[in-house]
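J.: The structure's right below; bear with me while I get my questions together.
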Amino acid sequence: MIYTSLFPVLFFAVCIISAVIAILVLQNNHKAHANRCFFAVIISVVIWSAGLALATFADDAETCEIWRRVSALGWGAFYSIVLHFILIITGRMKLFNKWWFYFILYLPAAVTILAFAVPSGINPMPYQLHRTEFGWSNIATNNIWDFIFYLYYIGYSITVVVLVLRWGQKSSDKSIKTQSRIIFFSFVSALVLASITDVLLSSLAVKLPQMAPAIMLIPITAIYHIITKHGFIVSRPVKNSAKYLNIIICIILYIVFIFILSLLSRENVTFKKLNIEPSALRGVIASLQMFISVYLVIREDKPGYVTAILLNAYGILLASIYAIANASTVPIPGIMNYLGVFLVIVLIVGYKKKTSLHIEKIEEQSKSLMESEKKLHYMAFYDSLTGLPNKALFINRLDQAIFTARRNASLIGVMYIDLDSFKSVNDTMGHNTGDLVLLKIAERLSSCLRKEDTISRFAGDEFLIQIANIKKVENLYKISEKIMNSFKDVVKVKNSEFFITSSIGVSVYPVDGEDSETLVKNADIAMYAAKSNGKNQCVYCTSEMKDDIIKNMKLANSLYRALDNNELFIFYQPQISTKTQEIIGFEALLRWNHNEYGMVPPSVFIPIAEKTGLIKPIGLWVIKTVCEQFKSFRNKENKEIRISINLSIEQLKDDNIALQMSKILKETQTDAKNIQIEITESVAFDKEPYVLQRIKELKALGVSISIDDFGTGHSSLRRLKAFPIDLIKIDMEFVRGISSDSAKDKAIIKSIIQIAKNLRIKVLAEGVETEEQFDYLRKRKCDEIQGFYFYKPMSVDEIKAIIAG
């Protein structure tokens, strides 16, 4: 009886396994043609297996034949449905647009079912049944109907194999090629094994039952493996594939236990050697079945849950049939046990769903946090426009490169790149176009570098580049030259062409610094030197540049305290009338006596004062000091003497400069007509409207206006006409030309004097150092002279002595 139960166990296991796969595939997408067809394939295997299982341990031949005919419904339709499925997945759906194709496809299946499943009389002896130790077995008679089936089975099987093979060969997709190979080898192995067990051995009168249903699990599980791994057929891929071997083992064990229970119900088995009563053994088996069900539900997710449901439903069905057929109450405890397992399964699944929902929420939150972290990291360390590392990440990588360079005794180059006049692109074409140009330039710069190098967008139109692991400075020269050459090509954006140049400063580790901050700072110094020298060039940092920067920084810091420390003072240079050769005025000249550097030239500290904004308080101090000292300048005859005070562009930007000067004049009781405001030509004739407005406001106070360095800036007759000018000062550059007998300089001086006379504007010549220069200017009727030929700049006491004398 045990051998008779062996193959039913196997066939019922095939039913359960196939049913589990069918349900899972259909659950994923029940609307897809391929899914529904694959479901039909599995159902045919289930009918095939179930019929064979019941036929194998039937009580008599008549019952066995009935179940054999039921089984024929499955294996008769199986091969037509399989071919239908393969035609769908290999992309031959157009064939099904014609109704007659269905007829041709399923005609052999209909003939087979008619001959082997339906007792119609066309095949009076479809089976030759013999009872063996393995149960009922069929030995083929090899009549005409058997040969028709062999032709159908072999023909359709070969067609399936060929279609799958060609599907993989024609496709260029690696995934499809892999799927094709798996399906091909699974069908070939199933075809060979089924032919041996069900055709060859059956023809040789071997007593084994039909094995094909079990063998057909090979292509079925292979296709389900493809589904879980590649998302094949189903609309959404299976997230967690179950362990198929575990499920199959559990199914077989469960069905074995069911048949043991069936044996215990049929026969009075006492297991005397083990001293176990049937009731005790039933309890043990019921516990094991519950353990298997719980294990499947907990460990194997949805496949395990479906399998456990089917197994317990199968157990309830068999127990119920036995109880009804034999009017016995013995199976009732088992039925109750199965129902209890059902309840446990439902509870576990319910809790697993709740748990999985919580886990999904946690995973979503974790994923969201990770994405937010990535975004924050990107925002913190990368430029949003170009995607390049920003300053923070650049410094971090530079620090790492310095650490490596110390160990390897290698060099590092840091390049500071500033695009020349890029503001004009944004102003004329808009910021969107400017951003596109920056993107192009970023790509171009990146293409010039090696993988180990780093490029960063430092600011609006500034980039930093780190060239690491350099053995010779010459290698850095080549890279910087390559970068400079990259700017020679035009940048094309939105059908417009842009010619962009750059000023590049380079510092080298460890020569120009041993930390990232110093290297970037010195590269910046070199870049500004490149801009100062005419732009569109690459300049390497030198010790002189660094010394100048340090000096300027010290001077800037010292300038903040210069007034408090009484380091600033005023010199005066007399202005002489060419007719009388008498002093008619003075130019106030600011001087700075630094405690470390000594006398600092105005050409050095005035730009620093303008850059730092100190020019405003210093300028007001100069005006007030000059006015206070002016009282001692009057000579005995009380002649009118004027004082000329220079104003910078930064002072003219101050809306309150005229009001502040008026206040100082009142406080010092100085007559405005004795004060002359001197402005350089480049400032006076600036196109900004506020310059003319400030000049008019100052003129309204009663002071006179003079234009310094006339002829070196942007002079125009229209501006001379429009501006309220009292005096123009010829620049010393033209005056020096008199001594060198420069005809052009002399012509320019003559023209300036003539124009001024015609406009009723007085003329003063600066930098007169020789008698020849003085004579030439006097003969050309220049009104006033200023220079070393008469007086050098002098202190207040020296001026007082001259006037007193």
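As shown in the structure tokens, the chain order sets the letters A, B, ...; within each chain, residues go from 1, and ligands are also counted from 1 in the order they appear.
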Could you list, as a PyMOL selection string, every residue within 8 Å of segment 144-147 of chain A, counting only C-alpha atoms and ignoring same-chain residues fewer than 2 positions away?

T.: chain A and resi 112+115+123+140-142+149-151

J.: Quick one: write out the picked residues with N, CA, C and O atoms as a JSON list (two decimals), in the first residue's frame?

T.:
[["chain", "number", "residue", "atom", "x", "y", "z"],
["A", 112, "THR", "N", -7.42, 14.39, -29.80],
["A", 112, "THR", "CA", -6.84, 13.60, -28.71],
["A", 112, "THR", "C", -7.83, 13.44, -27.57],
["A", 112, "THR", "O", -8.00, 12.34, -27.02],
["A", 115, "ALA", "N", -10.53, 11.07, -28.52],
["A", 115, "ALA", "CA", -10.10, 9.67, -28.58],
["A", 115, "ALA", "C", -9.79, 9.09, -27.20],
["A", 115, "ALA", "O", -10.02, 7.89, -26.97],
["A", 123, "ASN", "N", -12.48, 5.20, -30.20],
["A", 123, "ASN", "CA", -11.29, 4.48, -29.69],
["A", 123, "ASN", "C", -11.78, 3.59, -28.55],
["A", 123, "ASN", "O", -11.72, 3.95, -27.38],
["A", 140, "ALA", "N", 0.78, 1.10, -23.38],
["A", 140, "ALA", "CA", 0.27, 1.57, -24.67],
["A", 140, "ALA", "C", 0.11, 0.42, -25.65],
["A", 140, "ALA", "O", 0.95, -0.49, -25.73],
["A", 141, "THR", "N", -1.00, 0.45, -26.42],
["A", 141, "THR", "CA", -1.25, -0.57, -27.44],
["A", 141, "THR", "C", -0.66, -0.17, -28.78],
["A", 141, "THR", "O", -0.60, -0.98, -29.70],
["A", 142, "ASN", "N", -0.22, 1.07, -28.89],
["A", 142, "ASN", "CA", 0.36, 1.59, -30.13],
["A", 142, "ASN", "C", -0.58, 1.41, -31.32],
["A", 142, "ASN", "O", -0.16, 1.04, -32.42],
["A", 149, "PHE", "N", -1.45, 10.66, -31.50],
["A", 149, "PHE", "CA", -1.02, 11.46, -30.36],
["A", 149, "PHE", "C", 0.49, 11.70, -30.39],
["A", 149, "PHE", "O", 0.96, 12.80, -30.09],
["A", 150, "TYR", "N", 1.25, 10.61, -30.73],
["A", 150, "TYR", "CA", 2.71, 10.79, -30.79],
["A", 150, "TYR", "C", 3.07, 11.87, -31.80],
["A", 150, "TYR", "O", 3.95, 12.71, -31.56],
["A", 151, "LEU", "N", 2.40, 11.87, -32.93],
["A", 151, "LEU", "CA", 2.66, 12.88, -33.96],
["A", 151, "LEU", "C", 2.33, 14.28, -33.45],
["A", 151, "LEU", "O", 3.09, 15.24, -33.64]]

J.: Would you mind writing down, as a PyMOL selection string, each residue of segment 52-241 of chain A that DSSP on the backbone assigns to helix (DSSP H, G or I)?

T.: chain A and resi 52-56+61-89+93-97+99-116+144-170+174-203+212-215+217-230

J.: For the selection you just gave me, I'd like the residues written to a file as a CSV table (one decimal), in the first residue's frame, keeping C-alpha atoms.

T.:
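Output saved as again.csv:
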chain,number,residue,atom,x,y,z
A,52,LEU,CA,-3.3,10.4,-12.7
A,53,ALA,CA,-3.1,10.6,-8.9
A,54,LEU,CA,-6.7,9.4,-8.5
A,55,ALA,CA,-6.4,6.8,-11.2
A,56,THR,CA,-3.1,5.3,-9.8
A,61,ALA,CA,-10.1,-0.8,-13.3
A,62,GLU,CA,-13.4,1.0,-14.2
A,63,THR,CA,-12.7,3.8,-11.7
A,64,CYS,CA,-9.1,4.0,-12.9
A,65,GLU,CA,-10.3,4.4,-16.5
A,66,ILE,CA,-12.6,7.2,-15.5
A,67,TRP,CA,-9.8,9.1,-13.8
A,68,ARG,CA,-7.5,8.4,-16.8
A,69,ARG,CA,-10.1,10.0,-19.1
A,70,VAL,CA,-10.2,13.0,-16.8
A,71,SER,CA,-6.4,13.1,-16.9
A,72,ALA,CA,-6.6,13.0,-20.8
A,73,LEU,CA,-8.4,16.3,-20.7
A,74,GLY,CA,-5.2,17.8,-19.3
A,75,TRP,CA,-2.5,16.1,-21.4
A,76,GLY,CA,-4.7,16.2,-24.5
A,77,ALA,CA,-4.9,20.0,-24.4
A,78,PHE,CA,-1.5,20.7,-22.9
A,79,TYR,CA,0.6,20.8,-26.0
A,80,SER,CA,-1.8,23.0,-28.0
A,81,ILE,CA,-1.9,25.5,-25.1
A,82,VAL,CA,1.8,25.5,-24.7
A,83,LEU,CA,2.3,26.3,-28.4
A,84,HIS,CA,-0.3,29.0,-28.0
A,85,PHE,CA,1.7,30.5,-25.1
A,86,ILE,CA,5.0,30.4,-27.0
A,87,LEU,CA,3.5,32.1,-30.0
A,88,ILE,CA,2.4,35.0,-27.8
A,89,ILE,CA,5.7,35.5,-26.0
A,93,MET,CA,0.1,37.6,-32.1
A,94,LYS,CA,-0.9,38.5,-35.6
A,95,LEU,CA,-1.7,34.9,-36.3
A,96,PHE,CA,-4.5,35.0,-33.9
A,97,ASN,CA,-6.3,37.7,-35.9
A,99,TRP,CA,-10.3,32.6,-36.7
A,100,TRP,CA,-9.2,29.5,-38.6
A,101,PHE,CA,-5.8,29.6,-36.9
A,102,TYR,CA,-7.5,28.7,-33.6
A,103,PHE,CA,-9.2,25.8,-35.3
A,104,ILE,CA,-5.9,24.5,-36.8
A,105,LEU,CA,-4.0,25.1,-33.5
A,106,TYR,CA,-6.5,23.2,-31.3
A,107,LEU,CA,-7.7,20.5,-33.7
A,108,PRO,CA,-5.1,17.9,-32.6
A,109,ALA,CA,-6.0,18.6,-29.0
A,110,ALA,CA,-9.7,18.1,-29.8
A,111,VAL,CA,-9.0,14.9,-31.6
A,112,THR,CA,-6.8,13.6,-28.7
A,113,ILE,CA,-9.5,14.5,-26.1
A,114,LEU,CA,-12.2,12.9,-28.3
A,115,ALA,CA,-10.1,9.7,-28.6
A,116,PHE,CA,-8.8,9.4,-25.0
A,144,ILE,CA,-3.6,4.4,-34.7
A,145,TRP,CA,-4.8,6.8,-32.0
A,146,ASP,CA,-1.6,6.4,-30.1
A,147,PHE,CA,0.4,7.2,-33.2
A,148,ILE,CA,-1.8,10.3,-33.9
A,149,PHE,CA,-1.0,11.5,-30.4
A,150,TYR,CA,2.7,10.8,-30.8
A,151,LEU,CA,2.7,12.9,-34.0
A,152,TYR,CA,0.8,15.7,-32.2
A,153,TYR,CA,3.0,15.6,-29.1
A,154,ILE,CA,6.3,15.4,-31.0
A,155,GLY,CA,5.3,17.9,-33.7
A,156,TYR,CA,4.1,20.6,-31.3
A,157,SER,CA,7.0,20.0,-28.9
A,158,ILE,CA,9.6,20.5,-31.7
A,159,THR,CA,7.7,23.6,-33.0
A,160,VAL,CA,7.8,25.1,-29.5
A,161,VAL,CA,11.6,24.4,-29.2
A,162,VAL,CA,12.3,25.9,-32.7
A,163,LEU,CA,10.2,29.0,-32.0
A,164,VAL,CA,11.9,29.7,-28.7
A,165,LEU,CA,15.4,29.1,-30.2
A,166,ARG,CA,14.8,31.5,-33.1
A,167,TRP,CA,13.3,34.1,-30.7
A,168,GLY,CA,16.5,34.3,-28.8
A,169,GLN,CA,18.7,34.3,-31.9
A,170,LYS,CA,16.9,37.2,-33.6
A,174,LYS,CA,20.8,40.1,-23.7
A,175,SER,CA,17.9,39.5,-21.3
A,176,ILE,CA,15.7,38.0,-24.0
A,177,LYS,CA,18.6,35.7,-25.1
A,178,THR,CA,19.0,34.5,-21.5
A,179,GLN,CA,15.2,33.8,-21.2
A,180,SER,CA,15.2,32.0,-24.5
A,181,ARG,CA,18.1,29.7,-23.5
A,182,ILE,CA,16.4,28.8,-20.2
A,183,ILE,CA,13.0,28.0,-21.8
A,184,PHE,CA,14.7,26.1,-24.7
A,185,PHE,CA,16.8,23.8,-22.4
A,186,SER,CA,13.9,23.3,-20.0
A,187,PHE,CA,11.5,22.2,-22.8
A,188,VAL,CA,14.2,20.0,-24.5
A,189,SER,CA,15.0,18.2,-21.2
A,190,ALA,CA,11.3,17.8,-20.5
A,191,LEU,CA,10.7,16.4,-24.0
A,192,VAL,CA,13.5,13.9,-23.8
A,193,LEU,CA,12.6,12.7,-20.3
A,194,ALA,CA,8.8,12.5,-21.1
A,195,SER,CA,9.6,10.5,-24.3
A,196,ILE,CA,11.7,8.0,-22.3
A,197,THR,CA,9.2,7.5,-19.4
A,198,ASP,CA,5.8,7.8,-21.1
A,199,VAL,CA,6.5,6.6,-24.7
A,200,LEU,CA,9.6,4.3,-24.7
A,201,LEU,CA,9.1,2.6,-21.3
A,202,SER,CA,5.3,2.3,-21.8
A,203,SER,CA,5.9,0.6,-25.2
A,212,ALA,CA,5.1,13.4,-17.8
A,213,PRO,CA,3.1,15.6,-15.4
A,214,ALA,CA,6.0,15.7,-12.9
A,215,ILE,CA,8.5,16.2,-15.7
A,217,LEU,CA,7.3,21.0,-13.8
A,218,ILE,CA,10.8,21.6,-15.3
A,219,PRO,CA,9.6,24.2,-18.0
A,220,ILE,CA,6.9,25.5,-15.7
A,221,THR,CA,9.3,26.3,-12.8
A,222,ALA,CA,11.9,27.6,-15.4
A,223,ILE,CA,9.4,30.1,-16.8
A,224,TYR,CA,8.3,31.1,-13.3
A,225,HIS,CA,12.0,31.7,-12.4
A,226,ILE,CA,12.3,34.0,-15.4
A,227,ILE,CA,9.2,35.8,-14.2
A,228,THR,CA,10.7,36.4,-10.7
A,229,LYS,CA,14.1,37.4,-12.0
A,230,HIS,CA,13.4,39.4,-15.2

J.: Could you give me, as a count of residues only, the residues within 9 Å of segment 346-357 of chain A, counting only C-alpha atoms and dropping anything in the same chain fewer than 4 positions from it?

T.: 9

J.: Provide the atom CA of Asn565 of chain A to atom CA of Gly598 of chain A distance in Å, to one decimal place.

T.: 13.9 Å

J.: Between atom CA of Val46 of chain A and atom CA of Leu317 of chain A, what is the distance in Å, rounded to a tenth?

T.: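 Computed distance, atom CA of Val46 of chain A to atom CA of Leu317 of chain A, equals 15.9 Å.
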
J.: Do a neighbour search on Leu647 of chain A at 12 Å with only C-alpha atoms, toss out local chain neighbours closer than 4 positions, and write the hits as a PDB file with N, CA and C atoms, in the first residue's frame.

T.:
ATOM      1  N   ALA A 588      47.282 121.711  -2.321  1.00  0.00           N
ATOM      2  CA  ALA A 588      47.427 120.877  -1.114  1.00  0.00           C
ATOM      3  C   ALA A 588      47.701 119.438  -1.538  1.00  0.00           C
ATOM      4  N   LEU A 589      48.803 118.885  -1.029  1.00  0.00           N
ATOM      5  CA  LEU A 589      49.228 117.527  -1.385  1.00  0.00           C
ATOM      6  C   LEU A 589      49.302 116.680  -0.116  1.00  0.00           C
ATOM      7  N   LEU A 590      48.497 115.617  -0.067  1.00  0.00           N
ATOM      8  CA  LEU A 590      48.436 114.739   1.104  1.00  0.00           C
ATOM      9  C   LEU A 590      49.656 113.824   1.133  1.00  0.00           C
ATOM     10  N   ILE A 606      46.531 106.296  -1.950  1.00  0.00           N
ATOM     11  CA  ILE A 606      45.232 106.854  -2.365  1.00  0.00           C
ATOM     12  C   ILE A 606      44.317 105.762  -2.935  1.00  0.00           C
ATOM     13  N   GLU A 610      40.673 104.635  -1.463  1.00  0.00           N
ATOM     14  CA  GLU A 610      39.449 104.592  -2.272  1.00  0.00           C
ATOM     15  C   GLU A 610      38.800 103.214  -2.194  1.00  0.00           C
ATOM     16  N   ILE A 615      38.752 107.034   1.951  1.00  0.00           N
ATOM     17  CA  ILE A 615      38.985 108.299   1.266  1.00  0.00           C
ATOM     18  C   ILE A 615      37.990 109.364   1.728  1.00  0.00           C
ATOM     19  N   LYS A 616      36.793 108.966   2.145  1.00  0.00           N
ATOM     20  CA  LYS A 616      35.793 109.958   2.565  1.00  0.00           C
ATOM     21  C   LYS A 616      36.188 110.647   3.872  1.00  0.00           C
ATOM     22  N   ILE A 618      39.144 110.678   5.261  1.00  0.00           N
ATOM     23  CA  ILE A 618      40.445 111.327   5.039  1.00  0.00           C
ATOM     24  C   ILE A 618      40.267 112.608   4.230  1.00  0.00           C
ATOM     25  N   GLY A 619      39.410 112.542   3.203  1.00  0.00           N
ATOM     26  CA  GLY A 619      39.157 113.715   2.360  1.00  0.00           C
ATOM     27  C   GLY A 619      38.586 114.880   3.151  1.00  0.00           C
ATOM     28  N   LEU A 620      37.613 114.568   4.045  1.00  0.00           N
ATOM     29  CA  LEU A 620      37.044 115.637   4.883  1.00  0.00           C
ATOM     30  C   LEU A 620      38.087 116.221   5.838  1.00  0.00           C
ATOM     31  N   VAL A 622      41.286 116.426   5.191  1.00  0.00           N
ATOM     32  CA  VAL A 622      42.150 117.273   4.360  1.00  0.00           C
ATOM     33  C   VAL A 622      41.504 118.645   4.148  1.00  0.00           C
ATOM     34  N   ILE A 623      40.224 118.655   3.791  1.00  0.00           N
ATOM     35  CA  ILE A 623      39.527 119.927   3.538  1.00  0.00           C
ATOM     36  C   ILE A 623      39.547 120.800   4.795  1.00  0.00           C
ATOM     37  N   GLN A 651      34.757 110.442  -3.553  1.00  0.00           N
ATOM     38  CA  GLN A 651      34.197 111.573  -2.803  1.00  0.00           C
ATOM     39  C   GLN A 651      33.034 112.202  -3.546  1.00  0.00           C
ATOM     40  N   LEU A 652      33.131 112.226  -4.871  1.00  0.00           N
ATOM     41  CA  LEU A 652      32.046 112.812  -5.665  1.00  0.00           C
ATOM     42  C   LEU A 652      30.794 111.946  -5.671  1.00  0.00           C
ATOM     43  N   LYS A 653      30.935 110.663  -5.337  1.00  0.00           N
ATOM     44  CA  LYS A 653      29.762 109.783  -5.256  1.00  0.00           C
ATOM     45  C   LYS A 653      28.919 110.103  -4.016  1.00  0.00           C
ATOM     46  N   ASP A 654      29.519 110.811  -3.069  1.00  0.00           N
ATOM     47  CA  ASP A 654      28.823 111.152  -1.834  1.00  0.00           C
ATOM     48  C   ASP A 654      27.841 112.299  -2.089  1.00  0.00           C
ATOM     49  N   ILE A 657      28.636 115.704  -0.155  1.00  0.00           N
ATOM     50  CA  ILE A 657      29.961 116.315  -0.184  1.00  0.00           C
ATOM     51  C   ILE A 657      29.872 117.848  -0.185  1.00  0.00           C
ATOM     52  N   ALA A 658      28.948 118.402  -0.975  1.00  0.00           N
ATOM     53  CA  ALA A 658      28.812 119.865  -1.020  1.00  0.00           C
ATOM     54  C   ALA A 658      28.339 120.405   0.327  1.00  0.00           C
ATOM     55  N   MET A 661      31.254 120.253   2.788  1.00  0.00           N
ATOM     56  CA  MET A 661      32.248 121.286   2.524  1.00  0.00           C
ATOM     57  C   MET A 661      31.736 122.658   2.981  1.00  0.00           C
ATOM     58  N   GLN A 676      39.833 126.209  -4.314  1.00  0.00           N
ATOM     59  CA  GLN A 676      39.657 125.649  -5.661  1.00  0.00           C
ATOM     60  C   GLN A 676      39.597 124.112  -5.538  1.00  0.00           C
ATOM     61  N   ILE A 677      38.577 123.518  -6.141  1.00  0.00           N
ATOM     62  CA  ILE A 677      38.424 122.057  -6.145  1.00  0.00           C
ATOM     63  C   ILE A 677      39.042 121.507  -7.419  1.00  0.00           C
ATOM     64  N   GLU A 678      39.985 120.596  -7.246  1.00  0.00           N
ATOM     65  CA  GLU A 678      40.706 120.040  -8.387  1.00  0.00           C
ATOM     66  C   GLU A 678      40.252 118.598  -8.635  1.00  0.00           C
ATOM     67  N   ILE A 679      39.844 118.337  -9.867  1.00  0.00           N
ATOM     68  CA  ILE A 679      39.349 117.010 -10.257  1.00  0.00           C
ATOM     69  C   ILE A 679      40.093 116.576 -11.505  1.00  0.00           C
ATOM     70  N   THR A 680      40.509 115.285 -11.543  1.00  0.00           N
ATOM     71  CA  THR A 680      41.215 114.800 -12.742  1.00  0.00           C
ATOM     72  C   THR A 680      40.262 114.767 -13.918  1.00  0.00           C
ATOM     73  N   GLU A 681      40.839 114.867 -15.106  1.00  0.00           N
ATOM     74  CA  GLU A 681      40.032 114.919 -16.324  1.00  0.00           C
ATOM     75  C   GLU A 681      39.169 113.668 -16.489  1.00  0.00           C
ATOM     76  N   VAL A 683      37.869 111.813 -14.241  1.00  0.00           N
ATOM     77  CA  VAL A 683      36.739 111.861 -13.315  1.00  0.00           C
ATOM     78  C   VAL A 683      35.746 112.943 -13.733  1.00  0.00           C
ATOM     79  N   ALA A 684      36.265 114.111 -14.065  1.00  0.00           N
ATOM     80  CA  ALA A 684      35.403 115.253 -14.386  1.00  0.00           C
ATOM     81  C   ALA A 684      34.515 114.976 -15.585  1.00  0.00           C
ATOM     82  N   VAL A 691      28.408 113.105 -11.599  1.00  0.00           N
ATOM     83  CA  VAL A 691      29.659 113.866 -11.578  1.00  0.00           C
ATOM     84  C   VAL A 691      29.382 115.346 -11.886  1.00  0.00           C
ATOM     85  N   ARG A 694      27.494 116.970  -8.998  1.00  0.00           N
ATOM     86  CA  ARG A 694      28.308 117.331  -7.833  1.00  0.00           C
ATOM     87  C   ARG A 694      29.154 118.575  -8.129  1.00  0.00           C
ATOM     88  N   ILE A 695      29.680 118.661  -9.337  1.00  0.00           N
ATOM     89  CA  ILE A 695      30.492 119.823  -9.715  1.00  0.00           C
ATOM     90  C   ILE A 695      29.657 121.101  -9.662  1.00  0.00           C
ATOM     91  N   LEU A 698      29.110 122.021  -6.000  1.00  0.00           N
ATOM     92  CA  LEU A 698      30.307 122.625  -5.413  1.00  0.00           C
ATOM     93  C   LEU A 698      30.516 124.043  -5.944  1.00  0.00           C
ATOM     94  N   ILE A 705      36.626 125.685  -9.917  1.00  0.00           N
ATOM     95  CA  ILE A 705      36.811 124.292 -10.348  1.00  0.00           C
ATOM     96  C   ILE A 705      37.968 124.232 -11.333  1.00  0.00           C
ATOM     97  N   SER A 706      38.900 123.316 -11.077  1.00  0.00           N
ATOM     98  CA  SER A 706      40.003 123.113 -12.019  1.00  0.00           C
ATOM     99  C   SER A 706      40.035 121.650 -12.451  1.00  0.00           C
ATOM    100  N   ILE A 707      40.519 121.430 -13.689  1.00  0.00           N
ATOM    101  CA  ILE A 707      40.628 120.083 -14.251  1.00  0.00           C
ATOM    102  C   ILE A 707      42.098 119.722 -14.326  1.00  0.00           C
ATOM    103  N   ASP A 708      42.470 118.659 -13.588  1.00  0.00           N
ATOM    104  CA  ASP A 708      43.860 118.214 -13.533  1.00  0.00           C
ATOM    105  C   ASP A 708      44.141 117.233 -14.665  1.00  0.00           C
TER     106      ASP A 708
END

J.: Skip segment 549-563 of chain A itself and residues of its chain fewer than 2 positions away, then list as a list in words all residues within 8 Å of it, counting only C-alpha atoms.

T.: Ile525, Met545, Lys546, Asp547, Asn565, Asn566, Glu567, Leu568, Trp592, Phe605, Ile608, Ala609, Thr612, Leu614 and Ile618 of chain A

J.: Taking into account only C-alpha atoms, which residue in the set A:Tyr477, A:Tyr509, A:Tyr791, A:Trp48 is nearest to Ala401 of chain A?

T.: A:Tyr509

J.: In Å, with one decimal, what is the gap from atom CA of Ala22 of chain A to atom CA of Ala50 of chain A?

T.: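 Atom CA of Ala50 of chain A lies 15.2 Å from atom CA of Ala22 of chain A.
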
J.: Skipping near chain neighbours, those fewer than 3 positions away, what residues fall within 8 Å of Lys800 of chain A using only C-alpha atoms, listed as a VMD selection string?

T.: chain A and resid 632 to 633 796 to 797 803 to 804

J.: Considering only C-alpha atoms, return as a VMD selection string whatever protein or nucleic-acid residues lie within 10 Å of Lys482 of chain A, sequence-local ones (same chain, fewer than 5 positions apart) excluded.

T.: chain A and resid 445 448 to 449 476 to 477 487

J.: Next, write the just-selected residues to a file, as an mmCIF file, in the first residue's frame, keeping all heavy atoms as the atom set.

T.:
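again.cif was written with the following content:
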data_model
loop_
_atom_site.group_PDB
_atom_site.id
_atom_site.type_symbol
_atom_site.label_atom_id
_atom_site.label_comp_id
_atom_site.auth_asym_id
_atom_site.auth_seq_id
_atom_site.Cartn_x
_atom_site.Cartn_y
_atom_site.Cartn_z
ATOM 1 N N LEU A 445 36.575 73.328 -19.936
ATOM 2 C CA LEU A 445 37.663 73.252 -18.958
ATOM 3 C C LEU A 445 37.823 71.830 -18.434
ATOM 4 O O LEU A 445 38.949 71.342 -18.258
ATOM 5 C CB LEU A 445 37.397 74.209 -17.792
ATOM 6 C CG LEU A 445 37.489 75.708 -18.099
ATOM 7 C CD1 LEU A 445 37.044 76.519 -16.894
ATOM 8 C CD2 LEU A 445 38.896 76.101 -18.508
ATOM 9 N N CYS A 448 39.888 69.463 -20.466
ATOM 10 C CA CYS A 448 41.339 69.693 -20.493
ATOM 11 C C CYS A 448 42.065 68.976 -19.358
ATOM 12 O O CYS A 448 43.298 68.977 -19.323
ATOM 13 C CB CYS A 448 41.639 71.194 -20.400
ATOM 14 S SG CYS A 448 41.004 72.171 -21.782
ATOM 15 N N LEU A 449 41.304 68.391 -18.438
ATOM 16 C CA LEU A 449 41.906 67.859 -17.220
ATOM 17 C C LEU A 449 41.969 66.344 -17.215
ATOM 18 O O LEU A 449 41.313 65.670 -18.011
ATOM 19 C CB LEU A 449 41.113 68.344 -16.000
ATOM 20 C CG LEU A 449 40.923 69.859 -15.872
ATOM 21 C CD1 LEU A 449 40.091 70.177 -14.643
ATOM 22 C CD2 LEU A 449 42.258 70.569 -15.818
ATOM 23 N N LEU A 476 52.933 71.299 -15.463
ATOM 24 C CA LEU A 476 51.878 72.259 -15.167
ATOM 25 C C LEU A 476 51.793 73.327 -16.256
ATOM 26 O O LEU A 476 50.695 73.786 -16.597
ATOM 27 C CB LEU A 476 52.128 72.905 -13.805
ATOM 28 C CG LEU A 476 51.010 73.775 -13.221
ATOM 29 C CD1 LEU A 476 49.726 72.979 -13.072
ATOM 30 C CD2 LEU A 476 51.432 74.327 -11.865
ATOM 31 N N TYR A 477 52.948 73.705 -16.808
ATOM 32 C CA TYR A 477 52.953 74.686 -17.905
ATOM 33 C C TYR A 477 52.129 74.167 -19.084
ATOM 34 O O TYR A 477 51.367 74.914 -19.712
ATOM 35 C CB TYR A 477 54.389 74.962 -18.379
ATOM 36 C CG TYR A 477 55.256 75.683 -17.376
ATOM 37 C CD1 TYR A 477 56.648 75.610 -17.442
ATOM 38 C CD2 TYR A 477 54.701 76.438 -16.355
ATOM 39 C CE1 TYR A 477 57.458 76.263 -16.511
ATOM 40 C CE2 TYR A 477 55.486 77.098 -15.420
ATOM 41 C CZ TYR A 477 56.861 77.008 -15.510
ATOM 42 O OH TYR A 477 57.649 77.657 -14.600
ATOM 43 N N PHE A 487 40.289 78.606 -24.742
ATOM 44 C CA PHE A 487 39.487 79.830 -24.839
ATOM 45 C C PHE A 487 39.594 80.487 -26.217
ATOM 46 O O PHE A 487 38.903 81.481 -26.469
ATOM 47 C CB PHE A 487 39.915 80.824 -23.755
ATOM 48 C CG PHE A 487 39.420 80.476 -22.387
ATOM 49 C CD1 PHE A 487 40.223 79.772 -21.507
ATOM 50 C CD2 PHE A 487 38.145 80.824 -21.979
ATOM 51 C CE1 PHE A 487 39.777 79.436 -20.238
ATOM 52 C CE2 PHE A 487 37.684 80.491 -20.709
ATOM 53 C CZ PHE A 487 38.504 79.794 -19.843
#
